[in-house]
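What follows is the content of final_29.cif (mmCIF, C-alpha atoms).
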```cif
data_run
loop_
_atom_site.label_atom_id
_atom_site.label_comp_id
_atom_site.auth_asym_id
_atom_site.auth_seq_id
_atom_site.Cartn_x
_atom_site.Cartn_y
_atom_site.Cartn_z
CA MET V 264 -26.12 148.77 -51.34
CA GLU V 265 -29.19 148.49 -49.16
CA ASN V 266 -28.74 152.06 -47.92
CA GLN V 267 -28.44 153.33 -51.49
CA TYR V 268 -31.71 151.60 -52.40
CA SER V 269 -33.41 153.18 -49.40
CA ILE V 270 -32.23 156.65 -50.42
CA ASN V 271 -33.49 156.17 -53.97
CA THR V 272 -36.87 154.98 -52.72
CA ASP V 273 -37.25 157.99 -50.44
CA GLU V 274 -36.31 160.31 -53.28
CA ILE V 275 -38.85 158.71 -55.60
CA ARG V 276 -41.55 159.02 -52.92
CA ARG V 277 -40.65 162.65 -52.31
CA ARG V 278 -40.88 163.50 -56.00
CA ARG V 279 -44.21 161.72 -56.37
CA ASN V 280 -45.65 163.63 -53.42
CA ALA V 281 -44.25 166.89 -54.81
CA LYS V 282 -46.41 166.49 -57.91
CA LYS V 283 -49.56 166.63 -55.78
CA ALA V 284 -50.70 170.19 -55.18
CA ILE V 285 -51.20 171.30 -51.58
CA HIS V 286 -54.52 173.13 -51.24
CA LEU V 287 -54.95 176.10 -48.92
CA ASN V 288 -58.03 178.35 -48.74
CA VAL V 289 -57.37 181.90 -47.52
CA LEU V 290 -59.74 184.77 -46.70
CA LEU V 291 -58.40 188.34 -46.93
CA LEU V 292 -60.45 190.87 -44.93
CA GLY V 293 -59.77 194.59 -44.82
CA GLU V 294 -61.14 197.89 -46.06
CA THR V 295 -60.55 199.12 -49.60
CA GLY V 296 -57.05 200.49 -50.27
CA ILE V 297 -55.47 198.88 -47.22
CA GLY V 298 -53.09 196.75 -49.32
CA LYS V 299 -54.71 193.31 -49.73
CA SER V 300 -53.97 192.99 -53.46
CA THR V 301 -50.38 194.18 -53.06
CA PHE V 302 -49.86 191.72 -50.21
CA LEU V 303 -51.20 188.92 -52.41
CA ASN V 304 -48.81 189.83 -55.25
CA ASN V 305 -45.85 189.83 -52.85
CA LEU V 306 -46.99 186.57 -51.27
CA CYS V 307 -47.21 184.73 -54.60
CA LEU V 308 -44.23 186.45 -56.26
CA GLN V 309 -46.41 187.15 -59.29
CA HIS V 310 -48.92 189.73 -60.45
CA VAL V 311 -52.44 188.64 -59.53
CA ASP V 312 -55.29 190.63 -61.07
CA LEU V 313 -58.35 189.92 -58.95
CA ASN V 314 -60.66 191.79 -61.31
CA GLU V 315 -59.72 189.90 -64.47
CA THR V 316 -59.72 186.10 -64.47
CA ASN V 317 -59.93 183.64 -67.32
CA ASN V 318 -63.31 182.30 -66.26
CA THR V 319 -64.82 185.21 -64.34
CA THR V 320 -68.58 185.48 -63.99
CA THR V 321 -70.79 187.82 -62.00
CA THR V 322 -73.66 185.91 -60.47
CA LYS V 323 -75.56 185.16 -57.29
CA TYR V 324 -73.68 182.88 -54.95
CA ASP V 325 -74.69 179.22 -54.98
CA ALA V 326 -73.06 177.24 -52.18
CA SER V 327 -73.51 173.97 -54.08
CA THR V 328 -71.67 175.23 -57.18
CA TYR V 329 -67.91 174.79 -57.42
CA LYS V 330 -65.95 177.23 -59.59
CA ASP V 331 -62.25 177.97 -59.72
CA ASP V 332 -62.44 181.69 -60.49
CA PHE V 333 -65.54 183.79 -60.10
CA ILE V 334 -66.92 187.09 -58.88
CA TYR V 335 -70.41 187.42 -57.44
CA GLU V 336 -72.46 190.04 -55.67
CA ILE V 337 -73.81 188.88 -52.32
CA ASP V 338 -77.23 190.53 -52.71
CA ASN V 339 -78.76 193.76 -53.94
CA GLU V 340 -78.64 195.44 -50.50
CA SER V 341 -75.13 194.37 -49.51
CA PRO V 342 -72.29 196.84 -50.22
CA MET V 343 -69.81 194.00 -50.81
CA LYS V 344 -68.74 191.79 -53.66
CA LEU V 345 -66.86 188.52 -53.16
CA ILE V 346 -63.98 187.66 -55.48
CA THR V 347 -62.55 184.16 -55.46
CA LYS V 348 -59.43 183.19 -57.38
CA THR V 349 -57.22 180.11 -57.42
CA ILE V 350 -53.47 180.66 -57.82
CA GLN V 351 -50.88 177.97 -58.48
CA ILE V 352 -47.57 178.88 -56.85
CA LYS V 353 -44.34 177.06 -56.16
CA GLU V 354 -42.62 176.90 -52.80
CA ASP V 355 -39.70 178.64 -54.48
CA GLU V 356 -40.55 180.50 -57.69
CA GLN V 357 -36.84 180.91 -58.42
CA ASN V 358 -36.15 177.17 -58.44
CA ASP V 359 -38.17 175.64 -61.26
CA ASN V 360 -37.63 171.91 -60.88
CA GLY V 361 -39.91 168.91 -60.75
CA GLY V 362 -39.29 168.28 -57.06
CA VAL V 363 -40.72 171.58 -55.78
CA PRO V 364 -44.16 171.19 -54.14
CA ILE V 365 -46.93 173.21 -55.78
CA ILE V 366 -49.37 175.09 -53.55
CA SER V 367 -52.87 175.71 -54.87
CA LEU V 368 -53.86 178.89 -53.06
CA LYS V 369 -57.55 179.75 -53.18
CA ILE V 370 -58.05 183.40 -52.29
CA ASN V 371 -61.39 184.82 -51.10
CA LEU V 372 -61.62 188.60 -50.93
CA PHE V 373 -64.61 190.82 -50.12
CA GLN V 374 -64.54 194.08 -52.07
CA GLY V 375 -66.25 196.94 -50.27
CA PHE V 376 -65.67 195.43 -46.84
CA GLY V 377 -66.07 198.10 -44.14
CA ASP V 378 -66.44 200.95 -46.64
CA LYS V 379 -69.99 202.01 -45.77
CA ILE V 380 -71.34 204.00 -42.83
CA ASN V 381 -73.54 201.06 -41.88
CA ASN V 382 -71.60 197.81 -42.27
CA LEU V 383 -73.99 195.56 -40.36
CA LEU V 384 -74.94 193.68 -43.53
CA GLY V 385 -71.35 192.54 -43.92
CA PHE V 386 -71.29 190.69 -40.60
CA GLU V 387 -73.91 188.14 -41.56
CA ASP V 388 -72.84 187.88 -45.21
CA ILE V 389 -69.29 186.85 -44.32
CA ARG V 390 -70.38 184.43 -41.60
CA LYS V 391 -72.95 182.84 -43.93
CA PHE V 392 -70.25 182.48 -46.57
CA LEU V 393 -67.92 180.66 -44.15
CA ILE V 394 -70.71 178.44 -42.76
CA SER V 395 -71.86 177.53 -46.28
CA LYS V 396 -68.44 175.93 -46.85
CA PHE V 397 -68.88 173.86 -43.67
CA ASP V 398 -72.40 172.87 -44.70
CA ASN V 399 -71.26 171.81 -48.18
CA TYR V 400 -68.61 169.55 -46.68
CA LEU V 401 -70.97 168.16 -44.03
CA LYS V 402 -73.66 167.40 -46.60
CA GLU V 403 -71.28 165.19 -48.57
CA GLU V 404 -69.60 163.73 -45.49
CA ILE V 405 -72.81 162.29 -43.99
CA GLN V 406 -73.72 160.42 -47.17
CA ILE V 407 -73.91 156.64 -46.79
CA LYS V 408 -71.64 156.18 -49.80
CA ARG V 409 -69.04 158.90 -49.75
CA ASN V 410 -67.03 159.87 -52.79
CA PHE V 411 -63.68 160.90 -51.32
CA ASN V 412 -62.52 162.44 -54.59
CA LYS V 413 -65.60 164.65 -54.65
CA LEU V 414 -65.19 165.37 -50.92
CA GLU V 415 -61.69 166.66 -51.53
CA LYS V 416 -62.83 168.70 -54.52
CA ILE V 417 -65.68 170.46 -52.73
CA ASP V 418 -63.59 171.14 -49.61
CA GLU V 419 -63.65 174.93 -49.78
CA ARG V 420 -63.54 175.42 -46.02
CA VAL V 421 -61.46 178.54 -45.32
CA HIS V 422 -58.32 177.56 -43.43
CA VAL V 423 -57.02 180.98 -42.42
CA CYS V 424 -58.23 184.59 -42.44
CA ILE V 425 -55.67 187.40 -42.75
CA TYR V 426 -57.38 190.36 -41.08
CA PHE V 427 -55.92 193.74 -42.13
CA ILE V 428 -56.06 196.46 -39.47
CA LYS V 429 -55.56 200.15 -40.13
CA PRO V 430 -53.27 201.64 -37.45
CA THR V 431 -55.01 204.45 -35.58
CA SER V 432 -52.99 204.45 -32.32
CA LYS V 433 -56.32 203.80 -30.58
CA GLY V 434 -56.46 200.02 -30.85
CA LEU V 435 -59.21 198.17 -32.68
CA LYS V 436 -62.26 199.92 -34.07
CA GLU V 437 -65.64 198.70 -32.84
CA PHE V 438 -66.35 197.36 -36.32
CA ASP V 439 -63.18 195.22 -36.26
CA ILE V 440 -64.02 193.85 -32.81
CA LYS V 441 -67.54 192.84 -33.86
CA MET V 442 -66.36 191.34 -37.13
CA MET V 443 -63.64 189.19 -35.59
CA LYS V 444 -65.95 188.01 -32.78
CA ASN V 445 -68.53 187.11 -35.41
CA ILE V 446 -66.21 184.67 -37.22
CA HIS V 447 -63.54 183.59 -34.73
CA ASP V 448 -65.29 180.27 -33.99
CA ILE V 449 -65.29 179.13 -37.62
CA VAL V 450 -61.94 180.31 -39.03
CA ASN V 451 -58.33 180.82 -37.92
CA ILE V 452 -57.70 184.58 -37.66
CA ILE V 453 -54.29 186.22 -38.03
CA PRO V 454 -54.36 190.00 -37.38
CA VAL V 455 -51.91 192.20 -39.31
CA ILE V 456 -51.14 195.93 -39.29
CA ALA V 457 -51.16 197.27 -42.84
CA LYS V 458 -48.74 199.89 -44.22
CA SER V 459 -46.60 199.89 -41.10
CA ASP V 460 -43.87 201.90 -42.87
CA LEU V 461 -45.99 204.98 -42.13
CA LEU V 462 -45.33 204.49 -38.40
CA THR V 463 -42.28 205.17 -36.29
CA VAL V 464 -40.83 202.39 -34.16
CA LYS V 465 -42.57 203.72 -31.03
CA GLU V 466 -45.88 204.19 -32.85
CA LEU V 467 -45.71 200.64 -34.20
CA GLU V 468 -45.05 199.23 -30.73
CA LEU V 469 -47.94 201.30 -29.32
CA ASN V 470 -50.36 200.06 -32.00
CA LYS V 471 -49.36 196.43 -31.46
CA ASN V 472 -49.87 196.68 -27.70
CA LEU V 473 -53.25 198.41 -28.00
CA ILE V 474 -54.56 195.95 -30.59
CA MET V 475 -53.52 192.90 -28.57
CA LYS V 476 -55.04 194.46 -25.46
CA ASP V 477 -58.39 194.87 -27.25
CA ILE V 478 -58.21 191.31 -28.56
CA GLN V 479 -57.70 189.93 -25.05
CA GLU V 480 -60.29 192.14 -23.32
CA ASN V 481 -62.96 191.28 -25.90
CA HIS V 482 -62.14 187.55 -25.79
CA ILE V 483 -61.42 187.37 -29.50
CA GLU V 484 -59.91 184.05 -30.51
CA ILE V 485 -57.00 184.37 -32.90
CA PHE V 486 -54.73 181.61 -34.15
CA ASP V 487 -52.72 180.24 -31.25
CA PHE V 488 -49.02 179.89 -32.11
CA LYS V 489 -48.39 178.50 -28.62
CA ASP V 490 -44.65 178.56 -27.94
CA ASP V 491 -43.53 178.18 -31.56
CA LYS V 492 -40.20 179.89 -32.18
CA LEU V 493 -39.24 182.23 -35.01
CA ASP V 494 -36.24 180.01 -35.59
CA ASP V 495 -38.60 177.29 -36.88
CA ILE V 496 -39.82 179.65 -39.59
CA LEU V 497 -36.29 180.53 -40.61
CA LEU V 498 -35.63 176.88 -41.43
CA PHE V 499 -38.22 177.24 -44.19
CA LEU V 500 -36.63 180.50 -45.35
CA GLN V 501 -33.00 179.40 -45.29
CA GLY V 502 -33.42 175.77 -46.24
CA LYS V 503 -32.30 172.66 -44.43
CA GLU V 504 -28.69 173.13 -45.52
CA ASN V 505 -28.39 176.27 -43.36
CA LYS V 506 -29.07 175.25 -39.78
CA LYS V 507 -26.90 177.77 -37.94
CA LYS V 508 -28.43 179.41 -34.91
CA SER V 509 -29.95 182.83 -35.65
CA GLU V 510 -30.58 185.90 -33.52
CA TYR V 511 -34.27 184.89 -33.40
CA ALA V 512 -33.62 181.50 -31.79
CA GLU V 513 -35.39 182.32 -28.52
CA ASP V 514 -38.06 184.68 -29.91
CA LYS V 515 -41.65 183.42 -30.02
CA ILE V 516 -43.97 183.98 -32.95
CA LYS V 517 -46.86 185.12 -30.75
CA ASP V 518 -44.75 188.03 -29.50
CA LEU V 519 -44.84 189.53 -33.02
CA LEU V 520 -48.65 189.68 -33.14
CA PRO V 521 -50.18 191.50 -34.84
CA PHE V 522 -47.73 191.17 -37.74
CA ASN V 523 -46.71 194.50 -39.27
CA LEU V 524 -46.68 194.53 -43.07
CA VAL V 525 -44.93 196.62 -45.69
CA CYS V 526 -45.71 195.65 -49.30
CA SER V 527 -44.92 197.04 -52.74
CA GLU V 528 -45.60 196.42 -56.45
CA GLU V 529 -42.12 197.57 -57.52
CA ARG V 530 -39.80 194.63 -58.25
CA HIS V 531 -36.02 194.42 -58.46
CA VAL V 532 -33.61 191.59 -59.19
CA GLY V 533 -30.84 191.18 -56.64
CA GLN V 534 -27.36 191.70 -58.05
CA ASP V 535 -25.71 189.15 -55.75
CA ASP V 536 -28.13 186.22 -55.84
CA GLY V 537 -30.29 187.02 -58.89
CA LYS V 538 -33.51 186.60 -56.89
CA LEU V 539 -36.62 188.72 -57.32
CA TYR V 540 -37.35 191.22 -54.56
CA HIS V 541 -40.07 193.79 -53.96
CA VAL V 542 -38.84 197.27 -53.07
CA ARG V 543 -40.62 200.18 -51.37
CA ASP V 544 -39.08 203.39 -52.69
CA HIS V 545 -39.65 206.43 -50.49
CA GLY V 546 -37.26 208.63 -52.47
CA TRP V 547 -34.86 209.17 -49.60
CA SER V 548 -34.54 205.43 -48.96
CA LYS V 549 -35.52 202.01 -50.32
CA LEU V 550 -36.96 199.18 -48.28
CA ILE V 551 -36.67 195.56 -49.38
CA ILE V 552 -39.99 193.91 -48.55
CA GLU V 553 -38.46 190.47 -48.10
CA ASP V 554 -35.90 191.80 -45.60
CA LYS V 555 -36.60 190.61 -42.03
CA THR V 556 -35.63 194.03 -40.63
CA THR V 557 -38.16 195.89 -42.82
CA SER V 558 -41.35 194.26 -41.54
CA ASP V 559 -42.86 190.92 -40.52
CA PHE V 560 -43.94 190.14 -44.08
CA ILE V 561 -41.34 187.45 -44.73
CA PHE V 562 -42.25 185.72 -41.45
CA LEU V 563 -45.95 185.76 -42.30
CA LYS V 564 -45.28 184.45 -45.80
CA SER V 565 -43.25 181.57 -44.38
CA ILE V 566 -46.00 180.81 -41.85
CA ILE V 567 -48.75 180.71 -44.51
CA LEU V 568 -46.89 178.79 -47.22
CA GLY V 569 -44.56 176.72 -45.10
CA SER V 570 -44.22 176.14 -41.38
CA HIS V 571 -47.92 176.33 -40.36
CA LEU V 572 -49.73 175.51 -43.59
CA GLN V 573 -50.73 172.01 -42.50
CA GLU V 574 -51.56 173.18 -38.98
CA PHE V 575 -54.11 175.66 -40.35
CA LYS V 576 -55.80 172.80 -42.19
CA ASP V 577 -55.66 170.44 -39.20
CA ILE V 578 -57.18 172.94 -36.77
CA THR V 579 -59.89 173.84 -39.27
CA ASN V 580 -60.83 170.19 -39.75
CA ASP V 581 -60.24 168.74 -36.28
CA LEU V 582 -61.38 171.64 -34.10
CA LEU V 583 -63.41 174.37 -35.83
CA TYR V 584 -65.30 172.14 -38.26
CA GLU V 585 -65.70 169.34 -35.72
CA ASN V 586 -67.24 171.73 -33.18
CA TYR V 587 -69.59 173.10 -35.81
CA ARG V 588 -70.49 169.59 -36.96
CA THR V 589 -71.23 168.44 -33.39
CA LYS V 590 -73.39 171.49 -32.73
CA LYS V 591 -75.26 171.14 -36.02
CA LEU V 592 -76.02 167.43 -35.63
CA SER V 593 -76.97 167.87 -31.94
CA GLU V 594 -79.43 170.62 -32.81
CA ASN V 595 -80.95 168.44 -35.52
CA GLU V 596 -81.31 165.56 -33.05
CA ILE V 597 -83.00 167.80 -30.47
CA LEU V 598 -85.45 169.13 -33.06
CA HIS V 599 -86.18 165.57 -34.19
CA LEU V 600 -86.94 164.41 -30.63
CA LYS V 601 -89.14 167.42 -29.87
CA GLY V 602 -91.05 166.86 -33.08
CA LYS V 603 -91.52 163.19 -32.24
CA ILE V 604 -92.91 164.01 -28.78
CA GLN V 605 -95.34 166.55 -30.19
CA SER V 606 -96.59 164.16 -32.88
CA ASP V 607 -96.79 161.06 -30.64
CA TYR V 608 -98.54 162.77 -27.74
CA SER V 609 -100.78 165.32 -29.37
CA PRO V 610 -104.42 165.61 -28.17
CA ARG V 611 -105.57 163.91 -31.37
CA SER V 612 -103.41 160.83 -30.76
CA ARG V 613 -104.49 160.65 -27.12
CA SER V 614 -108.19 160.82 -28.04
CA ARG V 615 -107.79 157.80 -30.31
CA SER V 616 -106.42 155.69 -27.45
CA GLN V 617 -109.18 156.50 -25.01
CA THR V 618 -111.89 153.90 -24.44
CA THR V 619 -115.42 154.90 -23.54
CA LEU V 620 -118.30 153.12 -21.89
CA PHE V 621 -121.68 152.78 -23.52
CA ASP V 622 -122.95 155.81 -21.64
CA GLY V 623 -120.17 158.01 -23.07
CA THR V 624 -118.05 158.35 -19.87
CA ILE V 625 -114.27 157.67 -19.98
CA GLN V 626 -113.04 154.54 -18.26
CA ASN V 627 -110.98 156.32 -15.57
CA ASP V 628 -108.71 153.47 -14.43
CA GLU V 629 -107.50 152.63 -17.91
CA LEU V 630 -107.01 156.33 -18.78
CA ILE V 631 -104.91 157.01 -15.67
CA PHE V 632 -102.75 153.95 -16.36
CA GLU V 633 -102.24 155.01 -19.97
CA LEU V 634 -101.31 158.58 -19.01
CA GLU V 635 -98.77 157.34 -16.47
CA GLU V 636 -97.11 155.20 -19.11
CA LYS V 637 -96.92 158.10 -21.54
CA ASN V 638 -95.54 160.44 -18.86
CA ILE V 639 -92.73 157.97 -18.22
CA ILE V 640 -91.88 157.94 -21.92
CA ILE V 641 -92.05 161.74 -22.12
CA GLU V 642 -89.71 162.10 -19.14
CA ALA V 643 -87.26 159.71 -20.76
CA TYR V 644 -87.28 161.78 -23.94
CA GLN V 645 -86.86 164.99 -21.91
CA ARG V 646 -83.83 163.56 -20.08
CA LYS V 647 -82.27 162.69 -23.42
CA ILE V 648 -82.93 166.21 -24.73
CA ASP V 649 -81.42 167.78 -21.58
CA LYS V 650 -78.36 165.58 -21.92
CA LEU V 651 -77.83 166.64 -25.54
CA GLN V 652 -78.31 170.31 -24.66
CA ASN V 653 -75.78 170.11 -21.80
CA LYS V 654 -73.31 168.44 -24.13
CA LEU V 655 -73.88 171.20 -26.69
CA VAL V 656 -73.39 173.98 -24.09
CA SER V 657 -70.18 172.44 -22.72
CA SER V 658 -68.81 172.00 -26.24
CA THR V 659 -69.59 175.64 -27.09
CA LYS V 660 -67.95 176.92 -23.87
CA SER V 661 -64.77 174.94 -24.52
CA THR V 662 -64.62 176.27 -28.09
CA LEU V 663 -65.13 179.90 -27.06
CA SER V 664 -62.65 179.86 -24.19
CA PRO V 665 -60.13 182.76 -24.64
CA THR V 666 -56.95 181.79 -26.48
CA SER V 667 -53.63 183.00 -25.24
CA PRO V 668 -52.22 185.43 -27.82
#
```
What does the file become when written as structure tokens?
Amino acid sequence: MENQYSINTDEIRRRRNAKKAIHLNVLLLGETGIGKSTFLNNLCLQHVDLNETNNTTTTKYDASTYKDDFIYEIDNESPMKLITKTIQIKEDEQNDNGGVPIISLKINLFQGFGDKINNLLGFEDIRKFLISKFDNYLKEEIQIKRNFNKLEKIDERVHVCIYFIKPTSKGLKEFDIKMMKNIHDIVNIIPVIAKSDLLTVKELELNKNLIMKDIQENHIEIFDFKDDKLDDILLFLQGKENKKKSEYAEDKIKDLLPFNLVCSEERHVGQDDGKLYHVRDHGWSKLIIEDKTTSDFIFLKSIILGSHLQEFKDITNDLLYENYRTKKLSENEILHLKGKIQSDYSPRSRSRSQTTLFDGTIQNDELIFELEEKNIIIEAYQRKIDKLQNKLVSSTKSTLSPTSP
């Protein structure tokens, strides 16, 4: 009887938690026509029109304004436009029951990314966008009275960036290297090869090796899967009821990087299981997108929406944001101390403390004593500034240390 009560309590708790949406903020980066929208449709198992939303507006970006769906142009000179859309998806779109957790997926996509001859404007625009999300959160977090409901609502920090790479059989382009290095300290990056069905098996292997070689040589930090196994992802795919050992039991996720993707808008319903599948029809053959042998799409989908969803959020909050927060507050403290020294020991303040004799000459003994005292205070301030700067440098070095792919 006691065991039955325990089971019922756990089930009630599980259903209550399932009603709370899990929030995940994703950034999709890649040039026009590389397959970002198609990937998003396949990921969510629904058609997502990024150009038409219920509450779409075109306006200048305001980091303090929170909107669910909007489109804005970065500035008049920038070739890019940022589209943000929130999508509500279920863990299993085929199983519509009250116990299925809902994932609120907030997608950020830059239209026109990498399409111009000179793409230097895009580097700073994207970094400023990501930092603005950190600054928004920090501004509310340091309030004396914090509103945790508001803090959760304004938390638009991007948890993971899916970076689409066009296979050229020459590794990464210089633009891709600079872009990833520009943002790798403030967002989790997962590199993917788009439209991999255009490559042979040998060409795909060559592109993967060259891209990972460039990532390592240029010290680009991508998301570290450590020694996580593919078998852990398959538990999310197959469900807990199917725990038999698969052929991927000993394979590591990091060995698949960068993930190769094949996506399609064409949808078919499976005759055996009645599930919805996406199919790539080449005329002479058909590829099922959700098939593990077709591409790495199904693994990546399971990583984003299942096995590593919470880890993306934890690393963003505990590592990336915390390092940025420490650096930001340390810089503010250093500027405050330098400003205090300059104001306290300016020539004007020193002239007011000097005493003069009736004949207009400075009383040397008292002046020397006063200057010695002030030098001691200045040295103490300088030691404190040096200590903060050393702490800041060591924190930055530890953050930018190369991550094992």
Requested in this report: Work out how far apart atom CA of Lys344 of chain V and atom CA of Tyr584 of chain V are and give it in Å to one decimal.
Outcome: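 According to the coordinates, atom CA of Lys344 of chain V and atom CA of Tyr584 of chain V are separated by 25.2 Å.
For the pair atom CA of Gln374 of chain V and atom CA of Ile389 of chain V, the separation is 11.6 Å.
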Report task. Could you tell me how far atom CA of Ser300 of chain V lies from atom CA of Lys369 of chain V, in Å and to one decimal? Result ->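 One can read the atom CA of Ser300 of chain V to atom CA of Lys369 of chain V distance as 13.7 Å.
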Query - Residue among V:Asp378, V:Glu594, V:Asp312, V:Asp649 lying closest to Ile346 of chain V, counting only C-alpha atoms - result: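 With only C-alpha atoms as the atom set, the closest residue is V:Asp312.
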**Report entry** Residues selected by the PyMOL selection byres ((chain V and resi 458-473) around 9), written as a list in words
**Finding:** Ile297, Gly298, Lys429, Pro430, Thr431, Ser432, Lys433, Gly434, Leu435, Ile456, Ala457, Ile474, Met475, Lys476, Asp477, Ile478, Leu519, Leu520, Pro521, Phe522, Asn523, Leu524, Val525, Cys526, Thr557 and Ser558 of chain V
As AutoDock Vina command-line options, please: the centre and edge lengths in Å, to one decimal, of an axis-aligned box enclosing every listed atom of segment 545-549 of chain V with 8 Å added on each side.
```
--center_x -37.1 --center_y 205.6 --center_z -50.7 --size_x 21.1 --size_y 23.2 --size_z 19.5
```
**Report entry** Hits from the PyMOL selection byres ((chain V and resi 576) around 10), listed as number ranges by chain
**Finding:** V: 286-288, 420-423, 451, 571-575, 577-582
**Report entry** Which of V:Ile446, V:Asp439, V:Lys348, V:Lys555 sits closest to Lys391 of chain V [using only C-alpha atoms]
**Finding:**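 Looking only at the distances to Lys391 of chain V, the closest residue turns out to be V:Ile446.
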Requested in this report: Please evaluate the PyMOL selection byres ((chain V and resi 399) around 9) against the structure above and give the resulting residues as a PyMOL selection string.
Outcome: chain V and resi 326-327+394-398+400-404+417-420
